[in-house]
Amino acid sequence: MNKSVAMDDVQEKLRILLDYWIEHNSEHEKEFRDWADKVVSLSAEVAQQLREAATKMAAVSSELMKAKQALPKSKGRH
């Protein structure tokens, strides 16, 4: 296997992982926000911390999206 094919494989695996991580983070972000709404009457501080975690999760997803967009196009993709 030559280096070009190996790098294409790595790039494609990374593209798949980035898609997965972005989706997974989105699910966690929503769950954090849902739980913040549920516990706000129990503890406003806990709710705020969950909202902050959700905001940070969205920021991580944004960075992962930038990484995905920065990937060079593989030779097998158009």
# chains A, B, ... in the order shown; residues from 1 in each chain; ligands from 1
call {"tool": "residues_around", "arguments": {"residues": "region 36-39 of chain A", "least_positions_apart": "2", "cutoff": "12 Å", "atoms": "only C-alpha atoms", "output": "MDAnalysis selection string"}}
result
chainID A and resid 29:34 41:55
call {"tool": "write_last_selection", "arguments": {"atoms": "C-alpha atoms", "output": "short mmCIF file (atom, residue, chain, number, x, y, z; two decimals), in the first residue's frame"}}
result
data_model
loop_
_atom_site.label_atom_id
_atom_site.label_comp_id
_atom_site.auth_asym_id
_atom_site.auth_seq_id
_atom_site.Cartn_x
_atom_site.Cartn_y
_atom_site.Cartn_z
CA GLU A 29 -25.66 19.46 24.43
CA LYS A 30 -29.42 18.94 24.09
CA GLU A 31 -29.47 16.57 27.06
CA PHE A 32 -27.59 19.09 29.23
CA ARG A 33 -30.08 21.81 28.32
CA ASP A 34 -33.04 19.51 28.99
CA SER A 41 -36.32 24.80 40.58
CA LEU A 42 -34.08 22.45 42.58
CA SER A 43 -30.88 24.44 42.05
CA ALA A 44 -30.40 27.47 39.85
CA GLU A 45 -26.65 27.01 40.22
CA VAL A 46 -26.74 23.44 38.91
CA ALA A 47 -28.97 24.51 36.05
CA GLN A 48 -26.55 27.30 35.16
CA GLN A 49 -23.58 24.92 35.23
CA LEU A 50 -25.41 22.52 32.92
CA ARG A 51 -26.21 25.36 30.54
CA GLU A 52 -22.56 26.41 30.62
CA ALA A 53 -21.52 22.83 29.83
CA ALA A 54 -23.98 22.81 26.91
CA THR A 55 -22.54 26.07 25.60
#
call {"tool": "select_by_dssp", "arguments": {"residues": "chain A", "states": "helix (DSSP H, G or I)", "output": "VMD selection string"}}
result
chain A and resid 3 to 39 44 to 70
call {"tool": "closest_residue", "arguments": {"among": "A:Val10, A:Trp35, A:His28, A:Ala70", "to": "Ala58 (chain A)", "atoms": "only C-alpha atoms"}}
result
A:His28
call {"tool": "atom_distance", "arguments": {"atom1": "CA of Pro72 (chain A)", "atom2": "CA of Lys56 (chain A)"}}
result
26.8 Å
